[in-house]
>>> print(open('start-v8.cif').read())   # mmCIF, C-alpha atoms and all ligand atoms
data_target
#
loop_
_atom_site.label_atom_id
_atom_site.label_comp_id
_atom_site.auth_asym_id
_atom_site.auth_seq_id
_atom_site.Cartn_x
_atom_site.Cartn_y
_atom_site.Cartn_z
CA MET D 1 13.90 -5.99 17.47
CA ALA D 2 10.98 -3.65 17.98
CA SER D 3 10.25 -2.56 21.53
CA VAL D 4 6.77 -2.73 22.98
CA TYR D 5 5.33 0.22 24.88
CA PRO D 6 4.17 -0.39 28.47
CA THR D 7 0.42 0.28 28.17
CA ALA D 8 -1.96 -1.93 26.19
CA TRP D 9 -5.68 -1.92 25.55
CA PHE D 10 -7.25 -5.11 26.87
CA GLY D 11 -10.98 -5.87 26.86
CA ASP D 12 -12.68 -2.59 27.59
CA ARG D 13 -9.86 -0.60 29.19
CA LEU D 14 -6.22 0.40 29.19
CA ALA D 15 -4.01 -2.03 31.09
CA PRO D 16 -0.32 -2.57 31.86
CA MET D 17 1.18 -5.04 29.35
CA ALA D 18 1.66 -7.60 32.16
CA ASP D 19 -2.12 -7.72 32.77
CA ALA D 20 -3.03 -8.11 29.08
CA SER D 21 -3.09 -11.89 28.68
CA LEU D 22 -5.47 -14.55 27.47
CA SER D 23 -6.28 -17.91 29.02
CA ILE D 24 -4.68 -21.07 27.65
CA THR D 25 -8.26 -22.38 27.39
CA SER D 26 -9.35 -19.67 24.92
CA ALA D 27 -10.13 -20.39 21.26
CA ALA D 28 -7.52 -17.73 20.37
CA VAL D 29 -4.79 -19.83 22.01
CA LEU D 30 -6.20 -23.24 21.12
CA TYR D 31 -6.97 -22.60 17.44
CA GLY D 32 -5.34 -19.26 16.55
CA LEU D 33 -8.89 -17.93 16.34
CA SER D 34 -8.27 -14.20 16.32
CA VAL D 35 -8.37 -11.56 13.60
CA TYR D 36 -6.06 -8.56 13.58
CA THR D 37 -4.65 -5.56 11.84
CA VAL D 38 -1.45 -3.53 12.21
CA LEU D 39 -1.77 0.18 11.59
CA PRO D 40 0.92 2.85 11.43
CA VAL D 41 0.95 5.96 13.60
CA THR D 42 3.41 8.67 12.62
CA VAL D 43 4.62 11.59 14.71
CA SER D 44 5.22 14.99 13.09
CA PRO D 45 8.30 17.12 13.88
CA ALA D 46 5.98 19.19 16.13
CA GLY D 47 5.10 16.00 18.07
CA ALA D 48 1.55 15.41 16.78
CA ALA D 49 0.55 11.76 16.24
CA SER D 50 -1.67 10.66 13.32
CA ALA D 51 -2.99 7.26 12.25
CA PHE D 52 -2.91 6.22 8.60
CA ARG D 53 -6.14 4.92 7.02
CA LEU D 54 -7.66 4.22 10.43
CA SER D 55 -11.18 3.68 9.05
CA ASP D 56 -9.90 1.18 6.50
CA HIS D 57 -8.09 -0.79 9.19
CA TYR D 58 -11.29 -0.91 11.26
CA ARG D 59 -13.29 -1.98 8.19
CA ARG D 60 -10.81 -4.78 7.36
CA LEU D 61 -10.97 -6.04 10.95
CA VAL D 62 -14.77 -6.14 10.73
CA ASN D 63 -14.58 -7.92 7.37
CA SER D 64 -12.08 -10.46 8.71
CA ALA D 65 -14.40 -11.22 11.64
CA ARG D 66 -17.37 -11.49 9.27
CA ILE D 67 -15.59 -13.93 6.96
CA ILE D 68 -14.57 -16.17 9.87
CA GLY D 69 -18.02 -15.97 11.47
CA ILE D 70 -16.95 -14.10 14.60
CA ASP D 71 -20.24 -12.32 15.26
CA THR D 72 -19.80 -10.78 18.71
CA PHE D 73 -17.26 -8.12 17.74
CA GLU D 74 -19.03 -5.75 15.36
CA PRO D 75 -22.16 -5.24 17.52
CA VAL D 76 -20.08 -3.91 20.45
CA TRP D 77 -17.17 -2.29 18.63
CA ASP D 78 -18.29 0.38 16.20
CA GLU D 79 -15.78 2.51 14.35
CA GLU D 80 -16.04 5.37 16.83
CA ARG D 81 -15.19 3.13 19.76
CA PHE D 82 -12.32 1.52 17.87
CA CYS D 83 -10.79 4.89 16.94
CA ALA D 84 -11.19 6.17 20.51
CA ALA D 85 -9.33 3.12 21.87
CA VAL D 86 -6.47 3.62 19.37
CA LYS D 87 -6.27 7.23 20.47
CA ASP D 88 -6.31 6.27 24.18
CA VAL D 89 -3.49 3.75 23.81
CA ILE D 90 -1.36 6.23 21.85
CA VAL D 91 -1.94 9.05 24.36
CA ALA D 92 -1.31 6.75 27.35
CA ASN D 93 2.08 5.71 25.97
CA GLU D 94 3.17 9.33 25.28
CA ILE D 95 4.38 8.43 21.80
CA ALA D 96 7.21 10.61 20.45
CA GLU D 97 8.27 8.44 17.47
CA ASP D 98 6.62 6.48 14.67
CA VAL D 99 4.93 3.32 15.97
CA PHE D 100 2.69 0.48 14.85
CA VAL D 101 -0.51 -0.44 16.69
CA ARG D 102 -1.52 -4.09 16.53
CA ALA D 103 -5.25 -4.45 17.20
CA THR D 104 -6.58 -7.99 17.61
CA VAL D 105 -10.02 -9.41 18.21
CA HIS D 106 -9.45 -12.64 20.11
CA VAL D 107 -12.07 -15.31 20.50
CA SER D 108 -11.64 -15.61 24.25
CA GLU D 109 -14.39 -18.18 24.91
CA GLN D 110 -13.03 -20.96 27.13
CA VAL D 111 -12.81 -24.54 25.76
CA PRO D 112 -15.14 -23.63 22.90
CA GLY D 113 -14.80 -26.51 20.45
CA THR D 114 -14.16 -25.69 16.81
CA ARG D 115 -16.88 -23.08 16.31
CA SER D 116 -16.98 -19.33 15.79
CA ARG D 117 -20.51 -17.95 16.28
CA GLY D 118 -21.80 -16.60 19.59
CA MET D 119 -18.37 -16.84 21.22
CA SER D 120 -17.09 -14.14 23.61
CA THR D 121 -14.36 -11.89 22.17
CA THR D 122 -11.70 -9.67 23.70
CA MET D 123 -10.08 -6.69 21.98
CA SER D 124 -6.37 -6.13 22.50
CA MET D 125 -4.13 -3.37 21.23
CA PHE D 126 -0.45 -2.90 21.79
CA VAL D 127 2.03 -0.36 20.49
CA TYR D 128 5.57 -1.01 19.27
CA THR D 129 8.33 0.89 17.54
CA ALA D 130 7.88 1.13 13.77
CA GLU D 131 10.72 -0.88 12.26
CA SER D 132 10.54 -2.34 8.78
CA ILE D 133 10.61 -6.13 8.63
CA LEU D 134 12.48 -5.91 5.29
CA PRO D 135 15.70 -4.07 4.48
CA LEU D 136 14.67 -0.81 2.82
CA ASP D 137 17.81 -0.54 0.68
CA GLY D 138 17.09 -3.68 -1.34
CA ALA D 139 15.44 -6.93 -0.27
CA ARG D 140 16.38 -10.39 -1.52
CA LEU D 141 13.50 -12.82 -2.02
CA LYS D 142 13.24 -16.55 -2.55
CA THR D 143 10.26 -18.39 -3.97
CA SER D 144 8.78 -20.62 -1.31
CA VAL D 145 8.16 -24.32 -1.65
CA TRP D 146 5.17 -23.69 0.62
CA ARG D 147 2.16 -22.44 -1.37
CA ARG D 148 -0.15 -19.68 -0.11
CA ILE D 149 -3.20 -21.14 1.61
CA PRO D 150 -5.99 -20.84 -0.97
CA ASP D 151 -9.11 -18.80 -0.32
CA TYR D 152 -11.12 -22.01 -0.35
CA ALA D 153 -9.12 -23.38 2.63
CA ILE D 154 -8.46 -20.36 4.89
CA PRO D 155 -9.66 -17.10 3.34
CA SER D 156 -6.65 -14.96 2.51
CA ARG D 157 -8.53 -11.68 2.60
CA ALA D 158 -9.28 -12.30 6.27
CA LYS D 159 -6.34 -11.49 8.53
CA VAL D 160 -6.63 -14.54 10.80
CA ASN D 161 -3.86 -15.24 13.29
CA GLY D 162 -3.84 -19.01 12.76
CA ALA D 163 -3.25 -18.63 9.03
CA TYR D 164 0.09 -16.98 9.71
CA VAL D 165 1.69 -20.38 10.36
CA ASN D 166 1.79 -20.51 6.54
CA SER D 167 3.79 -17.25 6.48
CA VAL D 168 6.11 -18.44 9.24
CA LEU D 169 6.95 -21.64 7.34
CA ALA D 170 7.74 -19.79 4.13
CA LYS D 171 9.63 -16.89 5.69
CA GLN D 172 11.78 -19.12 7.91
CA ASP D 173 12.62 -21.23 4.89
CA ALA D 174 13.75 -18.10 3.01
CA ILE D 175 15.82 -16.90 5.98
CA ASP D 176 17.42 -20.34 6.35
CA ALA D 177 18.48 -20.09 2.70
CA GLY D 178 20.07 -16.67 3.31
CA TYR D 179 17.25 -14.50 1.88
CA ASP D 180 15.20 -11.74 3.52
CA ASP D 181 11.72 -13.04 2.73
CA CYS D 182 9.73 -15.47 0.60
CA ILE D 183 7.58 -15.13 -2.47
CA PHE D 184 4.40 -17.12 -2.17
CA LEU D 185 2.87 -18.69 -5.24
CA ASP D 186 -0.84 -19.50 -5.19
CA ALA D 187 -2.21 -22.99 -5.75
CA SER D 188 -2.10 -22.52 -9.53
CA GLY D 189 1.54 -21.35 -9.48
CA HIS D 190 0.98 -17.63 -9.94
CA VAL D 191 2.79 -15.04 -7.85
CA CYS D 192 0.81 -14.08 -4.80
CA GLU D 193 2.64 -11.99 -2.17
CA LEU D 194 5.41 -12.10 0.45
CA SER D 195 4.99 -13.47 3.98
CA ALA D 196 3.43 -10.19 5.17
CA ALA D 197 3.51 -7.75 2.23
CA ASN D 198 2.09 -7.37 -1.26
CA ILE D 199 4.25 -7.33 -4.37
CA PHE D 200 4.51 -5.05 -7.42
CA ILE D 201 6.59 -5.32 -10.57
CA VAL D 202 7.31 -2.78 -13.30
CA ARG D 203 7.48 -3.90 -16.92
CA ASN D 204 7.85 -1.37 -19.74
CA GLY D 205 6.65 1.45 -17.49
CA VAL D 206 3.49 -0.39 -16.34
CA LEU D 207 3.05 -1.08 -12.64
CA ILE D 208 1.67 -4.61 -12.28
CA THR D 209 0.43 -6.43 -9.18
CA PRO D 210 -1.31 -9.79 -8.69
CA SER D 211 -5.08 -9.36 -8.68
CA THR D 212 -7.11 -9.85 -5.52
CA ALA D 213 -8.28 -13.18 -6.96
CA SER D 214 -4.74 -14.55 -6.43
CA ASP D 215 -5.27 -15.65 -2.79
CA LEU D 216 -3.61 -12.60 -1.28
CA LEU D 217 -4.39 -10.25 1.56
CA GLU D 218 -6.05 -7.10 0.23
CA GLY D 219 -3.36 -4.86 1.63
CA ILE D 220 -4.24 -1.31 2.56
CA ASN D 221 -0.85 -0.15 1.30
CA ARG D 222 -1.33 -2.09 -1.95
CA ASP D 223 -4.40 0.05 -2.48
CA THR D 224 -2.49 3.21 -1.50
CA VAL D 225 0.26 2.42 -4.01
CA LEU D 226 -2.32 1.88 -6.77
CA GLN D 227 -3.94 5.21 -5.88
CA ILE D 228 -0.58 7.01 -5.86
CA ALA D 229 0.39 5.52 -9.22
CA GLY D 230 -2.92 6.68 -10.68
CA HIS D 231 -2.32 10.24 -9.46
CA LEU D 232 1.26 10.23 -10.77
CA GLY D 233 0.06 9.11 -14.20
CA ILE D 234 1.73 5.68 -13.96
CA GLU D 235 -0.27 3.01 -15.79
CA THR D 236 -1.34 0.15 -13.48
CA CYS D 237 -2.59 -3.36 -14.07
CA GLU D 238 -3.97 -5.99 -11.65
CA ARG D 239 -3.70 -9.45 -13.17
CA GLU D 240 -2.16 -12.90 -12.76
CA VAL D 241 1.64 -12.65 -12.57
CA ASP D 242 3.97 -15.49 -13.55
CA LEU D 243 7.11 -16.14 -11.50
CA THR D 244 9.34 -15.74 -14.54
CA GLU D 245 8.01 -12.20 -14.98
CA LEU D 246 9.74 -11.34 -11.71
CA TYR D 247 13.03 -12.60 -13.16
CA ILE D 248 12.82 -10.21 -16.12
CA ALA D 249 10.96 -7.29 -14.49
CA ASP D 250 12.52 -3.82 -14.74
CA GLU D 251 11.70 -3.24 -11.08
CA VAL D 252 10.19 -5.18 -8.19
CA PHE D 253 9.05 -3.85 -4.82
CA ALA D 254 7.05 -4.99 -1.82
CA CYS D 255 4.62 -2.90 0.18
CA GLY D 256 2.78 -3.19 3.45
CA THR D 257 2.45 -1.48 6.80
CA SER D 258 5.49 -3.27 8.23
CA THR D 259 7.65 -2.96 5.09
CA TYR D 260 6.60 0.48 3.73
CA VAL D 261 7.68 0.49 0.05
CA ALA D 262 10.64 -1.90 0.00
CA PRO D 263 12.67 -2.21 -3.23
CA VAL D 264 13.59 -5.76 -4.19
CA VAL D 265 17.03 -6.29 -5.72
CA GLU D 266 17.15 -10.05 -6.05
CA VAL D 267 14.67 -12.87 -6.74
CA ASP D 268 15.87 -16.49 -6.66
CA ALA D 269 19.50 -15.47 -7.38
CA ARG D 270 18.45 -13.25 -10.32
CA ILE D 271 19.49 -9.61 -9.91
CA VAL D 272 16.76 -7.02 -10.43
CA ASN D 273 17.58 -3.65 -12.01
CA GLY D 274 21.33 -4.02 -11.45
CA SER D 275 20.72 -4.17 -7.68
CA SER D 276 19.58 -0.56 -7.53
CA VAL D 277 16.27 1.15 -6.78
CA GLY D 278 14.36 1.76 -10.02
CA PRO D 279 12.83 5.11 -11.04
CA VAL D 280 9.17 4.05 -10.67
CA THR D 281 9.83 2.51 -7.25
CA ALA D 282 11.67 5.66 -6.17
CA ARG D 283 8.78 7.95 -7.25
CA ILE D 284 6.15 5.79 -5.58
CA ARG D 285 8.22 5.46 -2.42
CA GLU D 286 8.80 9.19 -2.06
CA THR D 287 5.12 10.02 -2.48
CA TYR D 288 4.08 7.11 -0.26
CA HIS D 289 6.11 8.45 2.67
CA ALA D 290 4.57 11.91 2.29
CA VAL D 291 1.05 10.45 2.02
CA LEU D 292 1.65 8.20 5.06
CA ARG D 293 2.56 11.22 7.17
CA GLY D 294 -0.30 13.35 5.85
CA GLU D 295 2.18 15.77 4.25
CA ASP D 296 0.74 15.09 0.80
CA GLU D 297 -3.01 14.89 0.21
CA LEU D 298 -2.66 13.60 -3.34
CA CYS D 299 -5.02 10.73 -2.51
CA GLY D 300 -7.29 12.82 -0.24
CA LYS D 301 -7.09 12.96 3.53
CA LEU D 302 -5.87 9.55 4.68
CA VAL D 303 -4.61 10.41 8.16
CA THR D 304 -6.55 10.90 11.39
CA PRO D 305 -5.01 13.19 14.04
CA LEU D 306 -4.75 11.40 17.39
CA THR D 307 -3.03 14.02 19.57
N1 LIG M 1 -0.07 -9.64 2.85
C1 LIG M 1 0.02 -10.22 4.07
C2 LIG M 1 -0.03 -11.70 4.18
C3 LIG M 1 0.15 -9.41 5.22
O1 LIG M 1 0.23 -9.97 6.42
C4 LIG M 1 0.23 -8.01 5.07
C5 LIG M 1 0.43 -7.14 6.28
N2 LIG M 1 -0.78 -6.81 6.88
C6 LIG M 1 0.12 -7.46 3.78
C7 LIG M 1 -0.03 -8.30 2.70
C8 LIG M 1 0.11 -5.97 3.58
O2 LIG M 1 -1.10 -5.43 4.12
P1 LIG M 1 -1.18 -3.93 4.62
O3 LIG M 1 -0.75 -3.08 3.47
O4 LIG M 1 -2.61 -3.73 4.95
O5 LIG M 1 -0.27 -3.81 5.77
#
>>> encode(input="start-v8.cif", output="structure tokens")
Amino acid sequence: MASVYPTAWFGDRLAPMADASLSITSAAVLYGLSVYTVLPVTVSPAGAASAFRLSDHYRRLVNSARIIGIDTFEPVWDEERFCAAVKDVIVANEIAEDVFVRATVHVSEQVPGTRSRGMSTTMSMFVYTAESILPLDGARLKTSVWRRIPDYAIPSRAKVNGAYVNSVLAKQDAIDAGYDDCIFLDASGHVCELSAANIFIVRNGVLITPSTASDLLEGINRDTVLQIAGHLGIETCEREVDLTELYIADEVFACGTSTYVAPVVEVDARIVNGSSVGPVTARIRETYHAVLRGEDELCGKLVTPLT
């Protein structure tokens, strides 16, 4: 289990974790009405901390709030303020190892009724040790009987806390059946994503991933992987993916902040690539780790120094 660092950001200041709590009367607690992002911070051998794609995480948080109709966040939290708070919480915790920062905009209005506009919001950030939620030497996935919530019910490109009940149902089901994680299908039966990661397959040398019209979260690492593949000269394709394509794919991997690039070795009791990490996955993974740490600027400068 990841360990949480002692200092959080809560509201407009740093605070001990024990003081960073919301009321049971808030919309965040009552309805899961919060939007969030999790961003990675890596520490170099010399001890310098950098955040990966910080601007993009801020932008996705703003977009999530916009989709849901939370309109009191963006006017008071511009990108500069957001980045300064991330920096403050990292410095305060004297980070000496890779961590994740979870930044959440909670609708903290008390007894609000089921509404979103004009409600008070509270920013929280906490820091925890960066541990992958999937095994990195080969994950085993099971297709979920629970379908991904469609965009027309709860928008999947908004990272809304309440929507994660869908992920919990599917992931727990997979764990109960002895697997590491689920594969979500969308309402029309096409492959969507995992409980908290996007999915890629390789067929005949082409790197394929479900398109953003398949009710998935537009993952920042999904985009990074597509950029890396482009620079490495690997052909890519975003389109609808059938479940049976996973069964016959040459390679399958998942990607996301909390999974990095995680090779998949089994889908619904079908073995992928003889249970070993495929060559395309290995190339992408190696470059991804260098890009994440700012050691490779293949995709331009994607890291922001924090210390
Ligand atoms: N899909 C879902 C449902 C997620 O929760 C996540 C994790 N944020 C991802 C995909 C991957 O997104 P990212 O690469 O931005 O971490």
>>> closest_atom_pairs(input="start-v8.cif", of="chain D", to="ligand LIG 1 (chain M)", cutoff="6 Å", atoms="all atoms listed in the file", output="Markdown table")
| residue | atom | partner | partner_atom | distance |
| --- | --- | --- | --- | --- |
| D:Ser195 | CA | M:LIG1 | C2 | 5.3 |
| D:Ala196 | CA | M:LIG1 | C3 | 3.4 |
| D:Ala197 | CA | M:LIG1 | C7 | 3.6 |
| D:Asn198 | CA | M:LIG1 | C7 | 4.6 |
| D:Leu217 | CA | M:LIG1 | N1 | 4.5 |
| D:Gly219 | CA | M:LIG1 | O2 | 3.4 |
| D:Ile220 | CA | M:LIG1 | O4 | 3.8 |
| D:Asn221 | CA | M:LIG1 | O3 | 3.6 |
| D:Arg222 | CA | M:LIG1 | O3 | 5.5 |
| D:Gly256 | CA | M:LIG1 | O3 | 3.5 |
| D:Thr257 | CA | M:LIG1 | O5 | 3.7 |
>>> residues_around(input="start-v8.cif", residues="segment 279-287 of chain D", least_positions_apart="6", cutoff="12 Å", atoms="only C-alpha atoms", output="PyMOL selection string")
chain D and resi 136-138+199-208+221-222+224-236+250-256+259-265+273+293-299
>>> residues_near_point(input="start-v8.cif", point="(-11.3, -27.2, 23.5)", cutoff="9 Å", atoms="only C-alpha atoms", output="PyMOL selection string")
chain D and resi 25-27+30-31+110-114
>>> closest_residue(input="start-v8.cif", among="D:Gly11, D:Pro6, D:Pro16, D:Pro305", to="Met123 of chain D", atoms="all atoms listed in the file")
D:Gly11
>>> closest_residue(input="start-v8.cif", among="D:Asp78, D:Asp151, D:Asp88, D:Glu97", to="Phe126 of chain D", atoms="only C-alpha atoms")
D:Asp88
>>> closest_residue(input="start-v8.cif", among="D:Asp56, D:Glu131, D:Glu245, D:Glu109", to="Glu218 of chain D", atoms="all atoms listed in the file")
D:Asp56
>>> residues_around(input="start-v8.cif", residues="segment 100-104 of chain D", least_positions_apart="3", cutoff="7 Å", atoms="only C-alpha atoms", output="ChimeraX atom specification")
/D:34-41,123-130
>>> closest_residue(input="start-v8.cif", among="D:Thr122, D:Ser276, D:Thr212, D:Thr304", to="Ser23 of chain D", atoms="all atoms listed in the file")
D:Thr122
>>> atom_distance(input="start-v8.cif", atom1="atom CA of Ser44 of chain D", atom2="atom CA of Tyr5 of chain D")
18.9 Å
>>> closest_residue(input="start-v8.cif", among="D:Val145, D:Val29, D:Ala139, D:Ile183", to="Asn161 of chain D", atoms="all atoms listed in the file")
D:Val29
>>> atom_distance(input="start-v8.cif", atom1="atom CA of Tyr288 of chain D", atom2="atom CA of Ser132 of chain D")
14.6 Å
>>> closest_residue(input="start-v8.cif", among="D:Asp181, D:Glu80, D:Asp186, D:Asp223", to="Trp146 of chain D", atoms="all atoms listed in the file")
D:Asp186
>>> atom_distance(input="start-v8.cif", atom1="atom CA of Arg148 of chain D", atom2="atom CA of Arg60 of chain D")
19.8 Å
>>> residues_around(input="start-v8.cif", residues="Ala84 of chain D", least_positions_apart="2", cutoff="12 Å", atoms="only C-alpha atoms", output="list in words")
Trp9, Asp12, Arg13, Leu14, Ala51, Leu54, Ser55, Tyr58, Trp77, Asp78, Glu79, Glu80, Arg81, Phe82, Val86, Lys87, Asp88, Val89, Ile90, Val91, Met125, Thr304, Pro305, Leu306 and Thr307 of chain D
>>> residues_around(input="start-v8.cif", residues="Ala28 of chain D", least_positions_apart="3", cutoff="8 Å", atoms="only C-alpha atoms", output="list in words")
Tyr31, Gly32, Leu33, Ser34, His106, Val107 and Ser108 of chain D
>>> build_atoms(input="start-v8.cif", residues="segment 262-273 of chain D", atoms="N, CA, C and O atoms", output="PDB file, in the coordinates of the input")
ATOM      1  N   ALA D 262       9.304  -1.303  -0.134  1.00  0.00           N
ATOM      2  CA  ALA D 262      10.640  -1.900   0.000  1.00  0.00           C
ATOM      3  C   ALA D 262      11.136  -2.401  -1.364  1.00  0.00           C
ATOM      4  O   ALA D 262      10.592  -3.382  -1.898  1.00  0.00           O
ATOM      5  N   PRO D 263      12.148  -1.750  -1.937  1.00  0.00           N
ATOM      6  CA  PRO D 263      12.670  -2.210  -3.230  1.00  0.00           C
ATOM      7  C   PRO D 263      13.248  -3.614  -3.104  1.00  0.00           C
ATOM      8  O   PRO D 263      13.853  -3.962  -2.089  1.00  0.00           O
ATOM      9  N   VAL D 264      13.050  -4.395  -4.154  1.00  0.00           N
ATOM     10  CA  VAL D 264      13.590  -5.760  -4.190  1.00  0.00           C
ATOM     11  C   VAL D 264      14.719  -5.784  -5.207  1.00  0.00           C
ATOM     12  O   VAL D 264      14.557  -5.309  -6.335  1.00  0.00           O
ATOM     13  N   VAL D 265      15.875  -6.305  -4.815  1.00  0.00           N
ATOM     14  CA  VAL D 265      17.030  -6.290  -5.720  1.00  0.00           C
ATOM     15  C   VAL D 265      17.427  -7.689  -6.201  1.00  0.00           C
ATOM     16  O   VAL D 265      18.285  -7.818  -7.070  1.00  0.00           O
ATOM     17  N   GLU D 266      16.803  -8.709  -5.622  1.00  0.00           N
ATOM     18  CA  GLU D 266      17.150 -10.050  -6.050  1.00  0.00           C
ATOM     19  C   GLU D 266      15.972 -11.000  -5.838  1.00  0.00           C
ATOM     20  O   GLU D 266      15.311 -10.963  -4.814  1.00  0.00           O
ATOM     21  N   VAL D 267      15.716 -11.839  -6.846  1.00  0.00           N
ATOM     22  CA  VAL D 267      14.670 -12.870  -6.740  1.00  0.00           C
ATOM     23  C   VAL D 267      15.283 -14.191  -7.207  1.00  0.00           C
ATOM     24  O   VAL D 267      15.726 -14.305  -8.354  1.00  0.00           O
ATOM     25  N   ASP D 268      15.343 -15.157  -6.327  1.00  0.00           N
ATOM     26  CA  ASP D 268      15.870 -16.490  -6.660  1.00  0.00           C
ATOM     27  C   ASP D 268      17.225 -16.401  -7.380  1.00  0.00           C
ATOM     28  O   ASP D 268      17.408 -16.992  -8.464  1.00  0.00           O
ATOM     29  N   ALA D 269      18.134 -15.620  -6.832  1.00  0.00           N
ATOM     30  CA  ALA D 269      19.500 -15.470  -7.380  1.00  0.00           C
ATOM     31  C   ALA D 269      19.546 -14.729  -8.716  1.00  0.00           C
ATOM     32  O   ALA D 269      20.583 -14.711  -9.364  1.00  0.00           O
ATOM     33  N   ARG D 270      18.424 -14.135  -9.135  1.00  0.00           N
ATOM     34  CA  ARG D 270      18.450 -13.250 -10.320  1.00  0.00           C
ATOM     35  C   ARG D 270      18.448 -11.802  -9.835  1.00  0.00           C
ATOM     36  O   ARG D 270      17.583 -11.424  -9.027  1.00  0.00           O
ATOM     37  N   ILE D 271      19.374 -11.015 -10.334  1.00  0.00           N
ATOM     38  CA  ILE D 271      19.490  -9.610  -9.910  1.00  0.00           C
ATOM     39  C   ILE D 271      18.442  -8.767 -10.632  1.00  0.00           C
ATOM     40  O   ILE D 271      18.239  -8.904 -11.835  1.00  0.00           O
ATOM     41  N   VAL D 272      17.774  -7.915  -9.855  1.00  0.00           N
ATOM     42  CA  VAL D 272      16.760  -7.020 -10.430  1.00  0.00           C
ATOM     43  C   VAL D 272      17.361  -5.621 -10.587  1.00  0.00           C
ATOM     44  O   VAL D 272      17.961  -5.093  -9.647  1.00  0.00           O
ATOM     45  N   ASN D 273      17.185  -5.038 -11.748  1.00  0.00           N
ATOM     46  CA  ASN D 273      17.580  -3.650 -12.010  1.00  0.00           C
ATOM     47  C   ASN D 273      19.014  -3.343 -11.545  1.00  0.00           C
ATOM     48  O   ASN D 273      19.255  -2.299 -10.920  1.00  0.00           O
TER      49      ASN D 273
END
